[in-house]
>>> print(open('target-v2.txt').read())   # compact mmCIF, C-alpha atoms
# COMPACT_ATOMS: atom_id res chain seq x y z
CA MET V 1 62.06 42.23 7.24
CA SER V 2 59.12 41.64 9.56
CA PRO V 3 59.76 39.67 12.72
CA SER V 4 59.17 35.92 12.88
CA ILE V 5 59.28 33.27 15.56
CA GLN V 6 61.30 30.17 14.74
CA ASP V 7 60.65 28.00 17.78
CA SER V 8 58.34 24.99 17.83
CA GLY V 9 54.74 26.07 17.81
CA SER V 10 55.67 29.51 16.41
CA PHE V 11 54.27 31.22 13.37
CA SER V 12 55.90 32.94 10.44
CA ASP V 13 54.67 35.21 7.72
CA SER V 14 56.77 33.34 5.23
CA THR V 15 54.84 32.18 2.14
CA ALA V 16 56.99 29.08 1.72
CA ASP V 17 54.44 26.75 3.34
CA HIS V 18 50.70 27.40 3.61
CA GLN V 19 49.56 23.74 3.93
CA TYR V 20 46.63 23.15 6.29
CA HIS V 21 47.41 21.09 9.38
CA PRO V 22 44.18 20.08 11.17
CA SER V 23 43.94 20.32 14.89
CA LYS V 24 43.81 17.21 17.04
CA ALA V 25 40.06 17.63 17.61
CA ALA V 26 39.40 17.96 13.87
CA SER V 27 41.51 14.87 13.16
CA GLU V 28 39.52 12.87 15.68
CA ARG V 29 36.25 13.98 14.09
CA ILE V 30 37.45 12.93 10.63
CA GLU V 31 38.61 9.53 11.94
CA PHE V 32 35.21 9.04 13.61
CA ALA V 33 33.38 9.89 10.39
CA LEU V 34 35.50 7.45 8.39
CA SER V 35 34.92 4.71 10.92
CA GLU V 36 31.17 5.34 10.71
CA LEU V 37 31.32 4.81 6.93
CA SER V 38 32.90 1.38 7.33
CA TRP V 39 29.71 -0.24 8.80
CA PRO V 40 26.94 -1.03 8.02
CA PRO V 41 28.02 -2.18 4.54
CA TYR V 42 27.37 0.10 1.60
CA CYS V 43 24.37 -0.68 -0.55
CA THR V 44 26.26 -0.08 -3.76
CA ASP V 45 24.89 -3.10 -5.60
CA ARG V 46 21.36 -1.77 -5.96
CA GLU V 47 20.20 -0.68 -9.37
CA GLU V 48 17.12 1.17 -10.47
CA GLU V 49 14.42 -1.25 -11.65
CA PRO V 50 11.14 -0.63 -13.44
CA PRO V 51 8.04 -0.52 -11.20
CA ARG V 52 6.32 -3.84 -10.56
CA SER V 53 2.79 -4.80 -9.60
CA LEU V 54 1.94 -5.42 -5.94
CA GLY V 55 1.75 -9.18 -6.56
CA ALA V 56 5.15 -9.23 -8.29
CA GLU V 57 6.77 -7.22 -5.49
CA MET V 58 5.39 -9.60 -2.84
CA LEU V 59 6.58 -12.65 -4.78
CA ILE V 60 10.10 -11.25 -5.13
CA LEU V 61 10.23 -10.27 -1.44
CA SER V 62 9.21 -13.76 -0.37
CA GLN V 63 11.98 -15.35 -2.45
CA LYS V 64 14.82 -13.13 -1.27
CA THR V 65 17.30 -14.34 1.31
CA LEU V 66 17.27 -11.83 4.13
CA THR V 67 20.82 -11.89 5.47
CA THR V 68 21.82 -8.34 6.38
CA ALA V 69 20.25 -5.17 7.64
CA CYS V 70 20.54 -3.76 4.13
CA THR V 71 17.80 -6.10 3.02
CA LEU V 72 15.21 -4.45 5.21
CA VAL V 73 16.31 -0.89 5.92
CA MET V 74 16.30 2.25 3.82
CA CYS V 75 19.48 3.43 2.16
CA SER V 76 20.16 7.12 1.51
CA PRO V 77 23.17 9.17 0.41
CA LEU V 78 25.13 11.27 2.90
CA GLU V 79 23.61 14.69 2.53
CA ASN V 80 26.44 16.88 3.79
CA GLY V 81 29.57 14.83 3.36
CA LEU V 82 31.59 14.33 6.54
CA PRO V 83 29.83 15.45 9.74
CA ASP V 84 31.82 18.58 10.62
CA GLY V 85 32.84 21.98 9.33
CA ASP V 86 36.19 20.49 8.32
CA ALA V 87 34.35 18.49 5.67
CA GLN V 88 33.30 19.79 2.31
CA GLU V 89 29.58 20.63 2.41
CA GLY V 90 27.15 19.19 -0.09
CA ARG V 91 29.37 16.31 -1.23
CA GLU V 92 27.41 13.13 -1.88
CA GLY V 93 29.15 10.16 -0.39
CA PRO V 94 28.35 6.47 -0.86
CA GLN V 95 24.92 5.21 0.18
CA VAL V 96 24.85 3.94 3.74
CA CYS V 97 22.28 1.64 5.27
CA LYS V 98 20.68 3.16 8.34
CA GLY V 99 18.73 0.99 10.70
CA SER V 100 18.78 -1.80 13.20
CA ASN V 101 21.02 -4.83 13.46
CA PRO V 102 20.54 -7.81 11.10
CA LEU V 103 17.44 -9.93 11.79
CA SER V 104 17.71 -13.29 13.47
CA PRO V 105 16.79 -16.49 11.57
CA THR V 106 13.59 -16.75 13.64
CA GLU V 107 12.53 -13.23 12.70
CA ILE V 108 13.32 -13.87 9.04
CA THR V 109 11.21 -17.05 9.07
CA ALA V 110 8.30 -15.19 10.68
CA LEU V 111 8.50 -12.44 8.06
CA ARG V 112 8.50 -14.97 5.24
CA GLN V 113 5.44 -16.67 6.68
CA GLN V 114 3.65 -13.32 6.84
CA VAL V 115 4.55 -12.60 3.21
CA GLU V 116 3.30 -16.03 2.11
CA THR V 117 0.01 -15.43 3.95
CA LEU V 118 -0.39 -12.05 2.26
CA GLN V 119 0.40 -13.64 -1.11
CA GLY V 120 -2.39 -16.16 -0.64
CA GLN V 121 -4.87 -13.48 0.37
CA LEU V 122 -3.90 -11.32 -2.60
CA GLN V 123 -4.28 -14.23 -5.03
CA ARG V 124 -7.75 -15.03 -3.70
CA LEU V 125 -8.79 -11.39 -4.04
CA GLN V 126 -7.44 -11.22 -7.58
CA ASN V 127 -9.29 -14.41 -8.55
CA ALA V 128 -12.54 -13.16 -7.03
CA PHE V 129 -12.22 -9.78 -8.73
CA SER V 130 -11.51 -11.42 -12.09
CA GLN V 131 -14.55 -13.68 -11.66
CA TYR V 132 -16.90 -10.83 -10.79
CA LYS V 133 -15.68 -8.82 -13.78
CA LYS V 134 -16.65 -11.70 -16.06
CA VAL V 135 -19.95 -12.25 -14.27
CA GLU V 136 -20.94 -8.65 -14.94
CA LEU V 137 -20.98 -9.44 -18.67
CA PHE V 138 -24.32 -11.19 -18.03
CA PRO V 139 -27.10 -8.73 -17.12
CA ASP V 140 -29.52 -11.00 -15.21
CA GLY V 141 -28.55 -13.14 -12.25
CA GLN V 142 -29.37 -14.84 -8.99
CA ASP V 143 -27.00 -15.70 -6.18
CA VAL V 144 -27.21 -18.62 -3.76
CA GLY V 145 -24.52 -18.87 -1.10
CA GLU V 146 -21.20 -18.51 -2.89
CA LYS V 147 -22.69 -19.35 -6.29
CA ILE V 148 -24.01 -16.91 -8.87
CA PHE V 149 -26.27 -17.91 -11.77
CA LYS V 150 -26.32 -15.48 -14.71
CA THR V 151 -27.88 -15.37 -18.16
CA GLY V 152 -27.48 -13.14 -21.18
CA GLY V 153 -30.95 -14.02 -22.43
CA PHE V 154 -29.76 -15.82 -25.60
CA GLU V 155 -30.19 -19.44 -26.68
CA LYS V 156 -27.60 -21.97 -27.85
CA THR V 157 -26.98 -25.70 -28.12
CA VAL V 158 -25.44 -27.46 -25.13
CA GLN V 159 -21.99 -27.55 -26.70
CA ASP V 160 -22.03 -23.84 -27.59
CA ALA V 161 -23.55 -22.93 -24.21
CA GLN V 162 -20.77 -24.79 -22.39
CA GLN V 163 -18.19 -22.90 -24.44
CA VAL V 164 -19.77 -19.54 -23.61
CA CYS V 165 -19.76 -20.28 -19.88
CA THR V 166 -16.21 -21.64 -19.89
CA GLN V 167 -14.88 -18.57 -21.69
CA ALA V 168 -16.61 -16.39 -19.08
CA GLY V 169 -14.85 -18.29 -16.28
CA GLY V 170 -17.82 -20.43 -15.21
CA GLN V 171 -19.75 -23.51 -16.29
CA LEU V 172 -23.23 -24.40 -17.45
CA ALA V 173 -25.70 -24.16 -14.55
CA SER V 174 -25.76 -27.39 -12.54
CA PRO V 175 -28.05 -27.07 -9.48
CA ARG V 176 -26.93 -29.21 -6.53
CA SER V 177 -29.72 -28.26 -4.14
CA ALA V 178 -33.36 -27.12 -4.10
CA ALA V 179 -32.21 -23.54 -3.37
CA GLU V 180 -29.90 -23.48 -6.39
CA ASN V 181 -32.61 -25.03 -8.56
CA GLU V 182 -35.04 -22.30 -7.47
CA ALA V 183 -32.53 -19.59 -8.42
CA VAL V 184 -32.20 -21.08 -11.92
CA ARG V 185 -35.97 -21.48 -12.20
CA GLN V 186 -36.46 -17.77 -11.50
CA LEU V 187 -34.19 -16.88 -14.43
CA VAL V 188 -36.03 -19.32 -16.69
CA THR V 189 -39.40 -17.88 -15.67
CA ALA V 190 -38.19 -14.30 -16.19
CA HIS V 191 -37.24 -15.11 -19.78
CA SER V 192 -40.11 -17.56 -20.45
CA LYS V 193 -37.62 -20.02 -21.92
CA ALA V 194 -36.41 -23.44 -20.84
CA ALA V 195 -32.67 -23.62 -20.20
CA PHE V 196 -30.06 -26.31 -20.57
CA LEU V 197 -28.36 -27.62 -17.43
CA GLY V 198 -24.82 -29.00 -17.25
CA MET V 199 -25.66 -32.67 -16.73
CA THR V 200 -25.72 -35.44 -19.37
CA ASP V 201 -25.89 -39.26 -19.66
CA ILE V 202 -23.63 -39.38 -22.70
CA GLN V 203 -21.12 -41.65 -20.92
CA LYS V 204 -23.77 -44.17 -19.80
CA GLU V 205 -27.40 -44.12 -20.87
CA GLY V 206 -29.73 -43.43 -17.98
CA THR V 207 -26.94 -42.37 -15.61
CA PHE V 208 -26.70 -38.58 -15.54
CA THR V 209 -23.54 -36.95 -14.23
CA TYR V 210 -22.10 -33.45 -13.91
CA ALA V 211 -19.50 -32.13 -16.36
CA THR V 212 -16.89 -33.38 -13.88
CA GLU V 213 -18.38 -36.90 -14.29
CA GLU V 214 -19.50 -36.87 -10.65
CA PRO V 215 -22.90 -38.51 -9.93
CA LEU V 216 -25.86 -36.22 -9.23
CA VAL V 217 -26.41 -35.17 -5.62
CA TYR V 218 -29.75 -33.50 -6.43
CA SER V 219 -32.42 -33.92 -9.12
CA ASN V 220 -35.91 -32.60 -9.86
CA TRP V 221 -37.26 -34.68 -12.74
CA SER V 222 -40.75 -34.23 -14.12
CA PRO V 223 -42.96 -37.31 -13.67
CA GLY V 224 -41.93 -40.03 -16.14
CA GLU V 225 -38.59 -38.40 -16.89
CA PRO V 226 -35.95 -39.05 -18.03
CA ASN V 227 -37.39 -41.25 -20.80
CA ASN V 228 -34.83 -40.81 -23.63
CA GLN V 229 -37.56 -40.25 -26.17
CA GLY V 230 -36.38 -41.23 -29.64
CA GLY V 231 -33.12 -42.52 -28.16
CA VAL V 232 -31.44 -39.11 -28.53
CA GLU V 233 -32.21 -37.27 -25.30
CA ASN V 234 -28.87 -37.16 -23.52
CA CYS V 235 -28.99 -33.62 -22.08
CA VAL V 236 -31.15 -31.93 -19.43
CA GLU V 237 -33.39 -28.87 -19.63
CA ILE V 238 -35.08 -27.03 -16.76
CA LEU V 239 -38.63 -25.84 -17.39
CA PRO V 240 -40.33 -22.67 -16.01
CA SER V 241 -41.89 -24.95 -13.38
CA GLY V 242 -38.41 -25.86 -12.12
CA LYS V 243 -38.84 -29.47 -13.20
CA TRP V 244 -36.25 -31.27 -15.33
CA ASN V 245 -36.67 -33.04 -18.66
CA ASP V 246 -34.14 -34.93 -20.77
CA LYS V 247 -33.66 -33.29 -24.17
CA ALA V 248 -31.64 -33.67 -27.37
CA CYS V 249 -28.34 -31.81 -27.00
CA GLY V 250 -28.50 -30.28 -30.49
CA GLU V 251 -31.58 -28.16 -29.77
CA GLN V 252 -31.24 -24.59 -28.55
CA ARG V 253 -32.19 -23.46 -25.09
CA LEU V 254 -31.56 -20.45 -22.81
CA VAL V 255 -27.95 -20.23 -21.64
CA ILE V 256 -27.49 -19.90 -17.87
CA CYS V 257 -23.98 -19.95 -16.49
CA GLU V 258 -22.86 -20.79 -12.98
CA PHE V 259 -20.01 -18.92 -11.27
>>> encode(input="target-v2.txt", output="C-alpha cells")
Amino acid sequence: MSPSIQDSGSFSDSTADHQYHPSKAASERIEFALSELSWPPYCTDREEEPPRSLGAEMLILSQKTLTTACTLVMCSPLENGLPDGDAQEGREGPQVCKGSNPLSPTEITALRQQVETLQGQLQRLQNAFSQYKKVELFPDGQDVGEKIFKTGGFEKTVQDAQQVCTQAGGQLASPRSAAENEAVRQLVTAHSKAAFLGMTDIQKEGTFTYATEEPLVYSNWSPGEPNNQGGVENCVEILPSGKWNDKACGEQRLVICEF
C-alpha cells in the first residue's frame, strides 16, 4: 500500500473523501460576493412592457414615486456569476441595481418639476404640429403675427363655412386689426370673390359680435353699412376692396379660415 500521512493537515491518496474544501481566501471572496448581492435591492419586479410614445413615457415618469435608487439607475444581470475563479463562469444571477445612493426629497421634487416643464413644452409642440398639418390642407394663405389665414378657393354658406374651418382646427376668418384685415383682403383679391367673415348680429340686430360672442375690437364697414337690407342681412362679407358689408347668411361666399 502506498504511504499516507494521517496527521492534521496531511494528505492521503484514499478515494474515500474527495469533497472540495475552499481555502480561507476563497471563502472570504465568496462571502464578499454574497454580501454585495444583498444591497442595493434586486429589481426583480420589473416586467417587459410594450414600447410607448415619448409623451406617454414622460407622463408615466412624472407620476411615479421615486423612492429608491432602482427607480433611476440601470439594472443588468451579473455577467460572470460570482467575482472569482471559485465561481461558476457564465451563470446569470439576479438583476442588481448599479448606481448612486437614493435621491433626496429635494432632488426628486426638482426632477419632477423638470419633467412637468418638458411635458408642457412637448404638448405645445404637438398642438402646433397638429395645427400646421391641418393648415396645409388649404393651398393659399397669409400669415399675420401668430395667425394664419388660409383658403381652399371654394364657396359655401356661413354655416357650412364655419363647419369646414372647425373641422380643420380653426375658425372662420375674423380680422381684429387692420393688418389682419389686409391679409384677408389679399386672399379675396387673389380669388376675385368676396368672403364671409366670422361675425354676425344674430343675437341682437345691429350689434355684431365674434363667434365667441365678444364685441368687435375692429371693423371696416363700407359707407352706409351695415344696413340690414331686406331685414335678413345678419352676416358679414369682406369685399376685394377690404371693406365690409352685411349679407344674408344663406348666400355662398369664399371660405377663408383662421388658424
>>> atom_distance(input="target-v2.txt", atom1="atom CA of V:Ser241", atom2="atom CA of V:Arg185")
7.0 Å
>>> closest_residue(input="target-v2.txt", among="V:Ala190, V:Gly242, V:Gly169, V:Asn234", to="V:Thr209", atoms="all atoms listed in the file")
V:Asn234
>>> closest_residue(input="target-v2.txt", among="V:Gly230, V:Gly198, V:Gly250, V:Pro215", to="V:Lys156", atoms="all atoms listed in the file")
V:Gly250
>>> atom_distance(input="target-v2.txt", atom1="atom CA of V:Gln229", atom2="atom CA of V:Thr200")
14.5 Å
>>> residues_around(input="target-v2.txt", residues="stretch 223-228 of chain V", least_positions_apart="2", cutoff="8 Å", atoms="all atoms listed in the file", output="short mmCIF file (atom, residue, chain, number, x, y, z; two decimals) with C-alpha atoms, keeping the file's coordinate frame")
data_model
loop_
_atom_site.label_atom_id
_atom_site.label_comp_id
_atom_site.auth_asym_id
_atom_site.auth_seq_id
_atom_site.Cartn_x
_atom_site.Cartn_y
_atom_site.Cartn_z
CA GLY V 206 -29.73 -43.43 -17.98
CA TRP V 221 -37.26 -34.68 -12.74
CA GLY V 230 -36.38 -41.23 -29.64
CA GLY V 231 -33.12 -42.52 -28.16
CA VAL V 232 -31.44 -39.11 -28.53
CA GLU V 233 -32.21 -37.27 -25.30
CA ASN V 234 -28.87 -37.16 -23.52
CA TRP V 244 -36.25 -31.27 -15.33
CA ASN V 245 -36.67 -33.04 -18.66
CA ASP V 246 -34.14 -34.93 -20.77
CA LYS V 247 -33.66 -33.29 -24.17
#
>>> closest_residue(input="target-v2.txt", among="V:Thr189, V:Gln142, V:Gln252, V:Gln113", to="V:Phe154", atoms="only C-alpha atoms")
V:Gln252
>>> atom_distance(input="target-v2.txt", atom1="atom CA of V:Leu216", atom2="atom CA of V:Ser130")
28.8 Å
>>> build_atoms(input="target-v2.txt", residues="stretch 140-157 of chain V", atoms="N, CA, C and O atoms", output="short mmCIF file (atom, residue, chain, number, x, y, z; two decimals), in the coordinates of the input")
data_model
loop_
_atom_site.label_atom_id
_atom_site.label_comp_id
_atom_site.auth_asym_id
_atom_site.auth_seq_id
_atom_site.Cartn_x
_atom_site.Cartn_y
_atom_site.Cartn_z
N ASP V 140 -28.56 -10.47 -16.18
CA ASP V 140 -29.52 -11.00 -15.21
C ASP V 140 -28.89 -12.11 -14.40
O ASP V 140 -28.20 -12.97 -14.93
N GLY V 141 -29.16 -12.11 -13.08
CA GLY V 141 -28.55 -13.14 -12.25
C GLY V 141 -29.23 -13.35 -10.93
O GLY V 141 -30.04 -12.54 -10.47
N GLN V 142 -28.90 -14.47 -10.31
CA GLN V 142 -29.37 -14.84 -8.99
C GLN V 142 -28.18 -15.43 -8.24
O GLN V 142 -27.38 -16.15 -8.83
N ASP V 143 -28.08 -15.12 -6.96
CA ASP V 143 -27.00 -15.70 -6.18
C ASP V 143 -27.56 -16.58 -5.06
O ASP V 143 -28.57 -16.26 -4.46
N VAL V 144 -26.86 -17.69 -4.82
CA VAL V 144 -27.21 -18.62 -3.76
C VAL V 144 -25.91 -19.01 -3.06
O VAL V 144 -25.06 -19.67 -3.65
N GLY V 145 -25.77 -18.59 -1.80
CA GLY V 145 -24.52 -18.87 -1.10
C GLY V 145 -23.37 -18.23 -1.84
O GLY V 145 -23.38 -17.03 -2.14
N GLU V 146 -22.37 -19.02 -2.17
CA GLU V 146 -21.20 -18.51 -2.89
C GLU V 146 -21.36 -18.64 -4.39
O GLU V 146 -20.46 -18.23 -5.14
N LYS V 147 -22.47 -19.19 -4.86
CA LYS V 147 -22.69 -19.35 -6.29
C LYS V 147 -23.52 -18.21 -6.87
O LYS V 147 -24.36 -17.62 -6.19
N ILE V 148 -23.24 -17.91 -8.13
CA ILE V 148 -24.01 -16.91 -8.87
C ILE V 148 -24.45 -17.54 -10.18
O ILE V 148 -23.63 -18.12 -10.90
N PHE V 149 -25.73 -17.42 -10.50
CA PHE V 149 -26.27 -17.91 -11.77
C PHE V 149 -26.63 -16.69 -12.61
O PHE V 149 -27.38 -15.81 -12.16
N LYS V 150 -26.10 -16.65 -13.85
CA LYS V 150 -26.32 -15.48 -14.71
C LYS V 150 -26.71 -15.92 -16.11
O LYS V 150 -26.31 -16.99 -16.59
N THR V 151 -27.50 -15.10 -16.78
CA THR V 151 -27.88 -15.37 -18.16
C THR V 151 -27.82 -14.10 -18.98
O THR V 151 -28.06 -13.00 -18.46
N GLY V 152 -27.47 -14.26 -20.25
CA GLY V 152 -27.48 -13.14 -21.18
C GLY V 152 -28.76 -13.06 -21.98
O GLY V 152 -28.93 -12.15 -22.79
N GLY V 153 -29.66 -14.04 -21.75
CA GLY V 153 -30.95 -14.02 -22.43
C GLY V 153 -30.95 -14.66 -23.81
O GLY V 153 -31.99 -14.70 -24.47
N PHE V 154 -29.83 -15.21 -24.27
CA PHE V 154 -29.76 -15.82 -25.60
C PHE V 154 -29.81 -17.34 -25.50
O PHE V 154 -29.60 -17.91 -24.43
N GLU V 155 -30.06 -17.98 -26.63
CA GLU V 155 -30.19 -19.44 -26.68
C GLU V 155 -29.07 -20.05 -27.53
O GLU V 155 -28.66 -19.48 -28.53
N LYS V 156 -28.63 -21.24 -27.11
CA LYS V 156 -27.60 -21.97 -27.85
C LYS V 156 -27.75 -23.47 -27.60
O LYS V 156 -28.48 -23.88 -26.69
N THR V 157 -27.02 -24.26 -28.38
CA THR V 157 -26.98 -25.70 -28.12
C THR V 157 -26.15 -25.94 -26.86
O THR V 157 -25.45 -25.03 -26.38
#
